[in-house]
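Data from query.csv: CSV, C-alpha atoms
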```
chain,number,residue,atom,x,y,z
U,1,MET,CA,-3.6,-16.5,-4.4
U,2,LYS,CA,-5.4,-13.4,-3.3
U,3,VAL,CA,-3.9,-10.6,-1.2
U,4,ASN,CA,-5.6,-11.8,2.0
U,5,ASP,CA,-4.3,-15.3,1.4
U,6,LEU,CA,-0.8,-13.8,1.2
U,7,ARG,CA,-1.5,-11.8,4.4
U,8,ASP,CA,-2.4,-15.0,6.2
U,9,MET,CA,0.5,-17.0,4.7
U,10,LEU,CA,3.1,-14.4,5.8
U,11,SER,CA,1.3,-13.2,8.9
U,12,LEU,CA,1.4,-9.7,7.6
U,13,GLN,CA,0.0,-6.8,9.5
U,14,VAL,CA,-2.5,-4.8,7.4
U,15,LEU,CA,-1.8,-1.1,7.9
U,16,THR,CA,-4.4,0.5,5.6
U,17,GLU,CA,-8.0,0.7,6.6
U,18,GLY,CA,-11.1,-0.3,4.6
U,19,VAL,CA,-9.1,-1.5,1.6
U,20,SER,CA,-10.2,-4.7,-0.1
U,21,LEU,CA,-7.7,-7.6,0.0
U,22,ASP,CA,-9.6,-9.5,-2.6
U,23,ALA,CA,-7.3,-8.9,-5.6
U,24,GLU,CA,-5.4,-11.7,-7.2
U,25,VAL,CA,-1.6,-11.7,-6.7
U,26,LEU,CA,0.0,-12.4,-10.1
U,27,GLY,CA,3.6,-11.8,-9.3
U,28,GLY,CA,6.1,-10.2,-7.0
U,29,TYR,CA,8.4,-7.2,-7.4
U,30,VAL,CA,11.3,-6.4,-5.0
U,31,SER,CA,12.8,-3.0,-5.3
U,32,ASP,CA,13.6,0.2,-3.4
U,33,LEU,CA,14.3,2.3,-6.4
U,34,LEU,CA,11.3,4.0,-7.7
U,35,SER,CA,12.6,4.4,-11.2
U,36,ASP,CA,13.1,0.7,-11.3
U,37,VAL,CA,9.6,-0.1,-10.2
U,38,MET,CA,8.2,2.4,-12.7
U,39,ALA,CA,10.1,0.7,-15.5
U,40,ASN,CA,9.7,-2.9,-14.7
U,41,ALA,CA,6.9,-3.8,-12.3
U,42,LYS,CA,3.8,-5.5,-13.8
U,43,GLU,CA,0.2,-5.1,-13.1
U,44,GLY,CA,-0.9,-7.5,-10.4
U,45,ASP,CA,2.5,-7.6,-8.8
U,46,ILE,CA,2.9,-7.3,-5.0
U,47,TRP,CA,5.6,-4.8,-4.3
U,48,ILE,CA,8.0,-5.7,-1.6
U,49,THR,CA,10.1,-2.7,-0.4
U,50,LEU,CA,11.3,-0.7,2.6
U,51,GLN,CA,10.4,2.6,1.1
U,52,THR,CA,7.7,4.3,3.1
U,53,HIS,CA,7.2,7.7,1.7
U,54,LEU,CA,4.2,9.1,-0.1
U,55,ASN,CA,5.5,8.5,-3.6
U,56,ILE,CA,5.1,4.7,-3.3
U,57,VAL,CA,1.3,5.1,-3.4
U,58,ALA,CA,1.3,7.0,-6.7
U,59,ILE,CA,3.6,4.6,-8.3
U,60,ALA,CA,1.6,1.6,-7.1
U,61,SER,CA,-1.5,3.2,-8.5
U,62,LEU,CA,0.1,4.0,-11.8
U,63,LYS,CA,1.5,0.5,-12.3
U,64,GLY,CA,-1.6,-1.4,-11.1
U,65,ILE,CA,0.3,-2.9,-8.2
U,66,THR,CA,-2.0,-5.1,-6.1
U,67,GLY,CA,-0.5,-4.2,-2.8
U,68,ILE,CA,2.7,-3.1,-1.0
U,69,ILE,CA,4.5,-5.1,1.6
U,70,ILE,CA,6.8,-3.0,3.8
U,71,VAL,CA,9.6,-5.1,5.2
U,72,ASN,CA,12.0,-4.9,8.2
U,73,GLY,CA,9.3,-3.7,10.5
U,74,ARG,CA,9.2,-0.2,8.9
U,75,ARG,CA,6.0,1.8,9.0
U,76,PRO,CA,4.8,4.4,6.6
U,77,ASP,CA,3.5,7.6,8.1
U,78,GLU,CA,-0.2,8.4,8.4
U,79,GLU,CA,-0.3,10.5,5.2
U,80,THR,CA,1.0,7.7,3.1
U,81,LEU,CA,-1.5,5.2,4.7
U,82,LYS,CA,-4.3,7.6,4.1
U,83,LYS,CA,-3.5,8.1,0.5
U,84,ALA,CA,-3.1,4.4,0.0
U,85,SER,CA,-6.6,3.8,1.5
U,86,GLU,CA,-8.0,6.4,-0.8
U,87,GLU,CA,-6.4,4.8,-3.8
U,88,GLY,CA,-7.4,1.3,-2.7
U,89,ILE,CA,-3.9,0.0,-2.4
U,90,PRO,CA,-3.4,-2.2,0.6
U,91,ILE,CA,-0.2,-1.6,2.6
U,92,MET,CA,1.0,-4.4,4.8
U,93,SER,CA,4.0,-4.8,7.0
U,94,THR,CA,6.3,-7.5,8.3
U,95,LYS,CA,9.3,-7.8,10.5
U,96,GLU,CA,10.9,-10.1,8.0
U,97,SER,CA,13.3,-9.1,5.3
U,98,ALA,CA,12.7,-8.6,1.6
U,99,PHE,CA,14.7,-11.8,0.9
U,100,GLU,CA,12.5,-13.9,3.1
U,101,VAL,CA,9.2,-12.5,1.9
U,102,ALA,CA,10.3,-12.8,-1.7
U,103,GLY,CA,11.5,-16.3,-1.1
U,104,LYS,CA,8.2,-17.4,0.4
U,105,LEU,CA,6.0,-15.6,-2.2
U,106,TYR,CA,8.1,-17.0,-5.1
U,107,LYS,CA,7.6,-20.5,-3.7
U,108,ALA,CA,3.9,-20.0,-3.3
U,109,LEU,CA,3.4,-18.6,-6.8
U,110,ASN,CA,5.5,-21.3,-8.5
U,111,VAL,CA,4.1,-24.4,-7.0
L,1,MET,CA,25.9,-22.3,0.5
L,2,LYS,CA,28.8,-22.7,-1.8
L,3,LEU,CA,29.6,-19.9,-4.3
L,4,GLU,CA,29.2,-22.2,-7.2
L,5,ARG,CA,25.7,-23.1,-6.2
L,6,ILE,CA,24.8,-19.4,-6.0
L,7,ILE,CA,26.2,-18.9,-9.5
L,8,HIS,CA,24.3,-21.9,-10.7
L,9,SER,CA,21.0,-21.0,-9.0
L,10,LEU,CA,21.1,-17.5,-10.4
L,11,ASP,CA,22.3,-18.5,-13.9
L,12,ALA,CA,24.8,-15.8,-13.2
L,13,VAL,CA,27.6,-14.4,-15.3
L,14,VAL,CA,30.8,-13.9,-13.4
L,15,ILE,CA,32.3,-10.4,-13.9
L,16,THR,CA,35.1,-10.6,-11.3
L,17,LYS,CA,36.0,-13.5,-9.1
L,18,PHE,CA,38.1,-13.4,-5.9
L,19,MET,CA,36.6,-16.5,-4.2
L,20,SER,CA,36.7,-20.2,-5.0
L,21,ASP,CA,33.7,-22.1,-6.2
L,22,GLY,CA,33.7,-24.1,-3.0
L,23,ASP,CA,33.8,-21.1,-0.6
L,24,GLU,CA,30.8,-20.9,1.7
L,25,ILE,CA,28.4,-17.9,1.8
L,26,GLU,CA,26.2,-18.0,4.9
L,27,TRP,CA,23.6,-15.3,4.3
L,28,ALA,CA,21.8,-13.3,1.7
L,29,CYS,CA,20.9,-9.6,1.8
L,30,ALA,CA,18.6,-8.2,-0.8
L,31,THR,CA,18.1,-4.4,-1.0
L,32,ASP,CA,18.8,-1.3,-3.1
L,33,LEU,CA,19.4,0.9,-0.2
L,34,MET,CA,23.0,1.0,1.1
L,35,SER,CA,22.3,1.8,4.7
L,36,GLU,CA,20.2,-1.3,4.9
L,37,VAL,CA,23.2,-3.3,3.8
L,38,LEU,CA,25.2,-1.8,6.5
L,39,TYR,CA,22.5,-2.3,9.2
L,40,TYR,CA,21.5,-5.9,8.5
L,41,SER,CA,24.4,-7.6,6.8
L,42,LYS,CA,26.9,-9.9,8.4
L,43,ASP,CA,30.2,-10.9,6.7
L,44,SER,CA,30.0,-14.0,4.7
L,45,SER,CA,26.9,-12.6,3.0
L,46,VAL,CA,26.0,-12.2,-0.6
L,47,LEU,CA,24.4,-8.8,-1.5
L,48,ILE,CA,21.7,-8.9,-4.2
L,49,THR,CA,20.9,-5.5,-5.5
L,50,GLY,CA,19.4,-3.5,-8.3
L,51,LEU,CA,21.7,-0.6,-7.5
L,52,THR,CA,24.2,-1.6,-10.1
L,53,LYS,CA,26.7,1.2,-9.4
L,54,GLN,CA,30.0,1.8,-7.7
L,55,GLN,CA,28.1,2.6,-4.4
L,56,ALA,CA,27.1,-1.0,-4.1
L,57,ILE,CA,30.7,-2.1,-4.4
L,58,ARG,CA,32.0,0.5,-1.9
L,59,THR,CA,29.3,-0.3,0.6
L,60,ALA,CA,29.9,-4.1,0.2
L,61,ASP,CA,33.6,-3.4,0.8
L,62,ILE,CA,33.0,-1.4,4.0
L,63,ALA,CA,30.7,-4.1,5.3
L,64,ASP,CA,33.1,-7.0,4.4
L,65,ILE,CA,30.6,-8.4,2.0
L,66,ARG,CA,32.7,-10.3,-0.6
L,67,VAL,CA,30.0,-11.2,-3.2
L,68,VAL,CA,27.7,-8.8,-5.0
L,69,VAL,CA,25.0,-9.8,-7.5
L,70,PHE,CA,23.5,-7.3,-9.9
L,71,THR,CA,20.0,-8.2,-11.0
L,72,ARG,CA,18.1,-7.9,-14.3
L,73,GLY,CA,21.2,-8.6,-16.3
L,74,LYS,CA,22.3,-5.0,-15.8
L,75,GLU,CA,25.9,-4.7,-16.8
L,76,PRO,CA,28.1,-2.6,-14.7
L,77,ASP,CA,30.1,0.3,-16.1
L,78,THR,CA,33.9,0.1,-16.3
L,79,PRO,CA,34.6,2.2,-13.2
L,80,THR,CA,32.3,-0.2,-11.2
L,81,ILE,CA,34.2,-3.3,-12.5
L,82,GLU,CA,37.5,-1.6,-11.8
L,83,LEU,CA,36.4,-0.9,-8.3
L,84,ALA,CA,35.3,-4.5,-7.8
L,85,ASN,CA,38.7,-5.6,-8.9
L,86,GLU,CA,40.5,-3.1,-6.7
L,87,LYS,CA,38.4,-4.2,-3.7
L,88,ARG,CA,38.6,-7.9,-4.6
L,89,ILE,CA,34.9,-8.3,-4.6
L,90,THR,CA,33.3,-11.1,-6.6
L,91,LEU,CA,30.7,-9.5,-8.9
L,92,LEU,CA,28.0,-11.5,-10.6
L,93,ILE,CA,25.2,-10.6,-12.9
L,94,THR,CA,22.0,-12.5,-12.9
L,95,PRO,CA,19.4,-12.2,-15.6
L,96,TYR,CA,16.6,-12.6,-13.1
L,97,SER,CA,14.7,-9.9,-11.2
L,98,MET,CA,15.4,-9.4,-7.6
L,99,PHE,CA,12.2,-11.2,-6.8
L,100,THR,CA,13.1,-14.3,-8.8
L,101,ALA,CA,16.8,-14.2,-7.6
L,102,CYS,CA,15.6,-14.2,-4.0
L,103,GLY,CA,13.1,-16.9,-4.8
L,104,ARG,CA,15.7,-19.2,-6.3
L,105,LEU,CA,18.2,-18.7,-3.6
L,106,TYR,CA,15.6,-19.2,-0.9
L,107,GLU,CA,14.4,-22.4,-2.5
L,108,ALA,CA,18.0,-23.5,-2.6
L,109,GLY,CA,18.2,-23.0,1.2
L,110,LEU,CA,19.9,-19.6,1.6
L,111,ARG,CA,18.5,-17.3,4.3
L,112,CYS,CA,18.7,-13.7,5.2
L,113,CYS,CA,21.0,-12.8,8.2
L,114,PRO,CA,19.3,-12.1,11.5
L,115,GLU,CA,19.7,-8.5,12.8
T,1,MET,CA,48.9,-4.9,17.9
T,2,ASP,CA,50.8,-2.4,19.8
T,3,ILE,CA,49.8,1.3,20.2
T,4,LYS,CA,51.7,3.4,22.6
T,5,ASP,CA,50.5,6.9,21.7
T,6,THR,CA,47.4,8.3,20.2
T,7,ILE,CA,47.1,8.0,16.4
T,8,GLU,CA,45.0,10.7,14.8
T,9,GLY,CA,44.1,12.2,11.5
T,10,SER,CA,41.4,13.9,9.6
T,11,PHE,CA,39.7,14.1,6.2
T,12,HIS,CA,38.0,17.0,4.6
T,13,ILE,CA,34.7,15.9,3.1
T,14,VAL,CA,33.2,17.8,0.2
T,15,GLY,CA,29.4,17.9,0.3
T,16,GLY,CA,27.6,16.6,-2.8
T,17,ASP,CA,30.7,14.8,-4.0
T,18,PHE,CA,29.3,11.3,-4.5
T,19,SER,CA,32.2,10.3,-6.8
T,20,ARG,CA,34.5,10.1,-3.8
T,21,ALA,CA,32.0,8.9,-1.3
T,22,GLY,CA,33.4,6.3,1.0
T,23,GLU,CA,37.1,7.2,0.4
T,24,ALA,CA,37.7,8.6,3.9
T,25,SER,CA,36.0,5.6,5.6
T,26,THR,CA,37.9,3.1,3.4
T,27,GLU,CA,41.1,4.9,4.4
T,28,ILE,CA,40.3,4.8,8.1
T,29,LYS,CA,39.3,1.1,7.7
T,30,SER,CA,42.7,0.4,6.2
T,31,ILE,CA,44.4,2.1,9.1
T,32,LEU,CA,42.5,0.1,11.6
T,33,GLN,CA,43.2,-3.1,9.7
T,34,SER,CA,46.9,-2.4,9.6
T,35,LEU,CA,46.9,-1.8,13.3
T,36,GLY,CA,45.6,-5.4,13.7
T,37,PHE,CA,42.3,-4.7,15.3
T,38,ASN,CA,39.9,-7.6,15.3
T,39,LYS,CA,37.6,-8.0,12.3
T,40,GLU,CA,34.4,-7.1,14.1
T,41,ILE,CA,35.8,-3.9,15.6
T,42,VAL,CA,37.1,-2.8,12.2
T,43,ARG,CA,33.7,-3.5,10.6
T,44,ARG,CA,31.8,-1.5,13.2
T,45,ALA,CA,34.1,1.4,13.0
T,46,ALA,CA,34.0,1.3,9.2
T,47,ILE,CA,30.2,1.2,9.0
T,48,ALA,CA,29.8,4.0,11.6
T,49,THR,CA,32.4,6.2,9.8
T,50,PHE,CA,30.9,5.5,6.4
T,51,GLU,CA,27.4,6.5,7.4
T,52,ALA,CA,28.9,9.7,9.0
T,53,GLU,CA,30.7,10.4,5.8
T,54,MET,CA,27.6,9.8,3.6
T,55,ASN,CA,25.6,12.2,5.8
T,56,ILE,CA,28.1,14.9,5.3
T,57,ILE,CA,28.1,14.3,1.5
T,58,ILE,CA,24.3,14.0,1.2
T,59,PHE,CA,23.1,16.8,3.5
T,60,THR,CA,25.8,19.4,3.9
T,61,THR,CA,28.2,21.6,2.0
T,62,ALA,CA,31.3,20.3,3.8
T,63,GLY,CA,32.6,18.7,6.9
T,64,ILE,CA,35.5,17.1,8.6
T,65,LEU,CA,36.0,13.5,9.6
T,66,ARG,CA,38.5,13.0,12.5
T,67,TYR,CA,39.8,9.8,14.0
T,68,GLU,CA,41.7,9.3,17.3
T,69,ILE,CA,43.0,5.9,18.1
T,70,THR,CA,44.4,5.0,21.6
T,71,PRO,CA,45.1,1.6,23.1
T,72,GLU,CA,41.7,1.7,24.7
T,73,ARG,CA,39.4,3.1,22.1
T,74,ILE,CA,38.7,4.4,18.6
T,75,LYS,CA,37.0,7.8,18.5
T,76,ILE,CA,35.4,9.2,15.3
T,77,ILE,CA,34.2,12.7,15.1
T,78,ALA,CA,32.2,14.0,12.2
T,79,GLN,CA,31.7,17.7,12.2
T,80,ASP,CA,29.8,19.5,9.4
T,81,MET,CA,28.7,22.9,8.3
T,82,GLY,CA,25.3,21.7,7.2
T,83,PRO,CA,21.7,22.9,7.9
T,84,GLY,CA,21.6,21.3,11.3
T,85,ILE,CA,19.0,18.9,12.6
T,86,GLU,CA,15.8,20.3,14.0
T,87,ASP,CA,14.5,17.3,15.8
T,88,ILE,CA,17.3,14.9,16.8
T,89,LYS,CA,14.9,12.4,18.4
T,90,LEU,CA,13.0,12.1,15.1
T,91,ALA,CA,16.2,11.9,13.1
T,92,MET,CA,17.3,9.0,15.2
T,93,GLN,CA,14.2,7.0,14.3
T,94,GLU,CA,14.8,4.1,12.0
T,95,GLY,CA,13.4,4.9,8.7
T,96,TYR,CA,12.9,8.6,9.2
T,97,SER,CA,14.7,10.6,6.5
T,98,THR,CA,14.7,14.1,5.1
T,99,ALA,CA,16.6,13.0,2.0
T,100,PRO,CA,15.2,14.3,-1.3
T,101,ASP,CA,14.0,11.7,-3.9
T,102,TRP,CA,17.1,11.8,-6.1
T,103,VAL,CA,19.2,10.7,-3.1
T,104,ARG,CA,16.9,7.7,-2.7
T,105,GLU,CA,17.5,6.8,-6.3
T,106,MET,CA,21.2,6.7,-5.5
T,107,GLY,CA,20.6,4.1,-2.8
T,108,TRP,CA,20.7,6.4,0.2
T,109,GLY,CA,18.1,8.2,2.2
T,110,SER,CA,16.5,5.1,3.9
T,111,GLY,CA,16.7,6.8,7.2
T,112,MET,CA,19.1,4.3,8.8
T,113,GLY,CA,22.3,6.4,8.8
T,114,LEU,CA,22.1,7.8,12.4
T,115,PRO,CA,20.6,4.6,13.8
T,116,ASN,CA,23.4,2.7,12.1
T,117,MET,CA,26.1,5.0,13.6
T,118,LYS,CA,24.6,4.5,17.1
T,119,LYS,CA,24.2,0.8,16.6
T,120,ASN,CA,27.8,0.3,15.8
T,121,SER,CA,29.4,2.5,18.5
T,122,ASP,CA,29.7,2.0,22.2
T,123,GLU,CA,29.2,5.6,22.9
T,124,PHE,CA,27.3,8.0,20.7
T,125,LYS,CA,26.9,11.7,21.0
T,126,ILE,CA,25.2,14.1,18.7
T,127,ASP,CA,24.9,17.9,18.9
T,128,SER,CA,23.3,20.1,16.3
T,129,VAL,CA,22.4,23.8,15.8
T,130,VAL,CA,20.0,24.6,13.0
T,131,GLY,CA,21.7,26.9,10.6
T,132,GLU,CA,25.1,26.1,11.8
T,133,GLY,CA,25.8,22.4,11.6
T,134,THR,CA,26.1,19.1,13.3
T,135,THR,CA,28.7,17.2,15.3
T,136,VAL,CA,28.7,13.5,15.9
T,137,GLU,CA,31.1,11.7,18.3
T,138,MET,CA,31.4,8.0,18.3
T,139,VAL,CA,33.5,5.8,20.5
T,140,ILE,CA,34.3,2.1,20.0
T,141,TYR,CA,36.1,0.4,22.8
T,142,LEU,CA,38.8,-2.0,22.0
T,143,ASP,CA,38.9,-5.5,23.1
T,144,ASN,CA,42.4,-6.7,22.7
T,145,THR,CA,41.8,-10.3,23.6
T,146,HIS,CA,40.5,-11.3,20.2
T,147,SER,CA,43.1,-9.8,17.9
```

Give the structure from this file in structure tokens form.
Amino acid sequence: MKVNDLRDMLSLQVLTEGVSLDAEVLGGYVSDLLSDVMANAKEGDIWITLQTHLNIVAIASLKGITGIIIVNGRRPDEETLKKASEEGIPIMSTKESAFEVAGKLYKALNV
Amino acid sequence: MKLERIIHSLDAVVITKFMSDGDEIEWACATDLMSEVLYYSKDSSVLITGLTKQQAIRTADIADIRVVVFTRGKEPDTPTIELANEKRITLLITPYSMFTACGRLYEAGLRCCPE
Amino acid sequence: MDIKDTIEGSFHIVGGDFSRAGEASTEIKSILQSLGFNKEIVRRAAIATFEAEMNIIIFTTAGILRYEITPERIKIIAQDMGPGIEDIKLAMQEGYSTAPDWVREMGWGSGMGLPNMKKNSDEFKIDSVVGEGTTVEMVIYLDNTHS
């Protein structure tokens, strides 16, 4: 599935502007610990987290993460969104929890 | 969902056990950030976390969460196990990532507690 | 459960001492449990106190956690000698945090501490002077019908 399919499936709100949602989602990664993501996330993963600060963009970029889903209705600040747009990393948000988002994505990827 | 089903779904190793296999867990809470545990959890929850440290046990205890699952097969250190014993918290380790662990439990019917 | 007088006590909290983080709150929780308060009240008080304790440890050099229990209510006062909060309204926003990165790696700093304290108390008061410190007062009313 592509990022925009995921967006539709989970009714995510896209927060970044002008970023392509065309990339293929290969897996999912749930973590709020940056060191953990750096060590274990894989290229093509969608990163599910409630961390909203600027560092998440750099890490997503470095690891080839396809997109970031911010859960529990949190919102990154403008600086983070701007950097994400520049790096071509879509950031989307949902009111749902990480457990629910992971559950649904896992199901969709493992059919 | 019964504890034994959680253990089974997660292919979990039991480190400490203070509940019966047949005891019911109503909700799941998956996060590495402790304040989130305190904000969103209800009792009768299982905490799934990658923060495989004493803090997770302390936080679970304060929030009346009786079952904690560490992900990625990360073995807790001795002080953490001692604390789990002291607080009578059931501590499990799953070899799966947080993503897969959530996926498996969700598939088995467990849900996250409402706010 | 039968309280006639006020029960009070306090704990000194050392800033930066993560090894003992949660000890004071756990103690206060035990006290409330031994007094027979209902589970939900104990849980709320424990959470609010724990967050207050963590804030002192994460952001300040030292502080005091005080509790006052009467037949009507539990009052928790957290007073610290920290840097103070410049913008309280901002600090109360869910997700807003001034915690440095290493704190996030320890599982804190998600910006939910103060919101959590407010959520779990019936009355919440916060005063702060930049350069001097912060005082938070929280009150939880007791409902004796569900003990």

**OP:** Pull out every residue of chain T sitting within 8 Å of chain U, counting all atoms listed in the file, and send them as a PyMOL selection string.
**Re:** chain T and resi 94-95+104-105+107+110

Pick out the residues sitting within 7 Å of Ile93 (chain L), and hand them over as a PDB file with C-alpha atoms, in the coordinates of the input; count all atoms listed in the file, and ignore anything fewer than 2 positions along from it in its own chain.
```pdb
ATOM      1  CA  ALA L  12      24.800 -15.800 -13.200  1.00  0.00           C
ATOM      2  CA  VAL L  13      27.600 -14.400 -15.300  1.00  0.00           C
ATOM      3  CA  VAL L  14      30.800 -13.900 -13.400  1.00  0.00           C
ATOM      4  CA  VAL L  69      25.000  -9.800  -7.500  1.00  0.00           C
ATOM      5  CA  PHE L  70      23.500  -7.300  -9.900  1.00  0.00           C
ATOM      6  CA  THR L  71      20.000  -8.200 -11.000  1.00  0.00           C
ATOM      7  CA  GLY L  73      21.200  -8.600 -16.300  1.00  0.00           C
ATOM      8  CA  LYS L  74      22.300  -5.000 -15.800  1.00  0.00           C
ATOM      9  CA  LEU L  91      30.700  -9.500  -8.900  1.00  0.00           C
ATOM     10  CA  PRO L  95      19.400 -12.200 -15.600  1.00  0.00           C
TER      11      PRO L  95
END
```

Each residue of chain U lying at most 10 Å from chain L should get a row with its shortest atom-to-atom pair and the distance in Å to one decimal, counting all atoms listed in the file; could you produce that, ordered by chain and increasing number, as JSON lines?
```
{"residue": "U:Gly27", "atom": "CA", "partner": "L:Phe99", "partner_atom": "CA", "distance": 9.0}
{"residue": "U:Gly28", "atom": "CA", "partner": "L:Phe99", "partner_atom": "CA", "distance": 6.2}
{"residue": "U:Tyr29", "atom": "CA", "partner": "L:Phe99", "partner_atom": "CA", "distance": 5.5}
{"residue": "U:Val30", "atom": "CA", "partner": "L:Phe99", "partner_atom": "CA", "distance": 5.2}
{"residue": "U:Ser31", "atom": "CA", "partner": "L:Asp32", "partner_atom": "CA", "distance": 6.6}
{"residue": "U:Asp32", "atom": "CA", "partner": "L:Asp32", "partner_atom": "CA", "distance": 5.4}
{"residue": "U:Leu33", "atom": "CA", "partner": "L:Asp32", "partner_atom": "CA", "distance": 6.6}
{"residue": "U:Asp36", "atom": "CA", "partner": "L:Gly50", "partner_atom": "CA", "distance": 8.1}
{"residue": "U:Asn40", "atom": "CA", "partner": "L:Ser97", "partner_atom": "CA", "distance": 9.3}
{"residue": "U:Ala41", "atom": "CA", "partner": "L:Ser97", "partner_atom": "CA", "distance": 10.0}
{"residue": "U:Trp47", "atom": "CA", "partner": "L:Phe99", "partner_atom": "CA", "distance": 9.5}
{"residue": "U:Ile48", "atom": "CA", "partner": "L:Phe99", "partner_atom": "CA", "distance": 8.7}
{"residue": "U:Thr49", "atom": "CA", "partner": "L:Thr31", "partner_atom": "CA", "distance": 8.2}
{"residue": "U:Leu50", "atom": "CA", "partner": "L:Thr31", "partner_atom": "CA", "distance": 8.5}
{"residue": "U:Gln51", "atom": "CA", "partner": "L:Leu33", "partner_atom": "CA", "distance": 9.3}
{"residue": "U:Asn72", "atom": "CA", "partner": "L:Glu36", "partner_atom": "CA", "distance": 9.5}
{"residue": "U:Glu96", "atom": "CA", "partner": "L:Cys112", "partner_atom": "CA", "distance": 9.0}
{"residue": "U:Ser97", "atom": "CA", "partner": "L:Cys112", "partner_atom": "CA", "distance": 7.1}
{"residue": "U:Ala98", "atom": "CA", "partner": "L:Ala30", "partner_atom": "CA", "distance": 6.4}
{"residue": "U:Phe99", "atom": "CA", "partner": "L:Cys102", "partner_atom": "CA", "distance": 5.5}
{"residue": "U:Glu100", "atom": "CA", "partner": "L:Cys112", "partner_atom": "CA", "distance": 6.5}
{"residue": "U:Val101", "atom": "CA", "partner": "L:Cys102", "partner_atom": "CA", "distance": 8.9}
{"residue": "U:Ala102", "atom": "CA", "partner": "L:Phe99", "partner_atom": "CA", "distance": 5.7}
{"residue": "U:Gly103", "atom": "CA", "partner": "L:Gly103", "partner_atom": "CA", "distance": 4.1}
{"residue": "U:Lys104", "atom": "CA", "partner": "L:Gly103", "partner_atom": "CA", "distance": 7.2}
{"residue": "U:Leu105", "atom": "CA", "partner": "L:Gly103", "partner_atom": "CA", "distance": 7.7}
{"residue": "U:Tyr106", "atom": "CA", "partner": "L:Gly103", "partner_atom": "CA", "distance": 5.0}
{"residue": "U:Lys107", "atom": "CA", "partner": "L:Gly103", "partner_atom": "CA", "distance": 6.7}
{"residue": "U:Ala108", "atom": "CA", "partner": "L:Gly103", "partner_atom": "CA", "distance": 9.8}
{"residue": "U:Asn110", "atom": "CA", "partner": "L:Gly103", "partner_atom": "CA", "distance": 9.5}
```

Subject >> Exercise answer, chain L residues close to chain T, 12 Å and only C-alpha atoms, as a PyMOL selection string >> reply: chain L and resi 31-43+49-65+79-80+83+87+115

**OP:** For CA of Ile68 (chain U) and CA of Asp101 (chain T), determine how far apart the two atoms are, in Å to one decimal place.
**Re:**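 Straight-line distance from CA of Ile68 (chain U) to CA of Asp101 (chain T) works out to 18.8 Å.
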
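Straight-line separation from CA of Leu109 (chain U) to CA of Arg7 (chain U): 14.0 Å.
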
Original post:
If you count only C-alpha atoms, which residues fall within 10 Å of region 80-91 of chain T, apart from same-chain ones fewer than 4 positions away, as a PyMOL selection string?
Top reply: chain T and resi 12-15+52-53+55-65+95-98+111-115+126-136

Subject >> Gap from CA of Lys17 (chain L) to CA of Glu4 (chain L) - Å, one decimal >> reply: 11.2 Å

Reconstruct N, CA and C atoms of region 32-43 of chain U; output as a short mmCIF file (atom, residue, chain, number, x, y, z; two decimals), in the frame of the given file.
```cif
data_model
loop_
_atom_site.label_atom_id
_atom_site.label_comp_id
_atom_site.auth_asym_id
_atom_site.auth_seq_id
_atom_site.Cartn_x
_atom_site.Cartn_y
_atom_site.Cartn_z
N ASP U 32 13.68 -1.06 -4.15
CA ASP U 32 13.60 0.20 -3.40
C ASP U 32 13.84 1.38 -4.22
N LEU U 33 14.06 1.16 -5.49
CA LEU U 33 14.30 2.30 -6.40
C LEU U 33 13.09 2.54 -7.23
N LEU U 34 12.53 3.72 -7.04
CA LEU U 34 11.30 4.00 -7.70
C LEU U 34 11.33 3.97 -9.19
N SER U 35 12.45 4.41 -9.74
CA SER U 35 12.60 4.40 -11.20
C SER U 35 12.54 2.97 -11.74
N ASP U 36 13.11 2.07 -10.96
CA ASP U 36 13.10 0.70 -11.30
C ASP U 36 11.71 0.09 -11.33
N VAL U 37 10.94 0.40 -10.30
CA VAL U 37 9.60 -0.10 -10.20
C VAL U 37 8.75 0.48 -11.36
N MET U 38 8.94 1.75 -11.63
CA MET U 38 8.20 2.40 -12.70
C MET U 38 8.51 1.71 -14.05
N ALA U 39 9.75 1.31 -14.22
CA ALA U 39 10.10 0.70 -15.50
C ALA U 39 9.71 -0.74 -15.63
N ASN U 40 9.76 -1.48 -14.53
CA ASN U 40 9.70 -2.90 -14.70
C ASN U 40 8.54 -3.67 -13.96
N ALA U 41 7.92 -3.05 -12.99
CA ALA U 41 6.90 -3.80 -12.30
C ALA U 41 5.68 -4.01 -13.18
N LYS U 42 4.97 -5.13 -12.90
CA LYS U 42 3.80 -5.50 -13.80
C LYS U 42 2.53 -5.34 -12.98
N GLU U 43 1.47 -5.14 -13.74
CA GLU U 43 0.20 -5.10 -13.10
C GLU U 43 -0.11 -6.40 -12.39
#
```
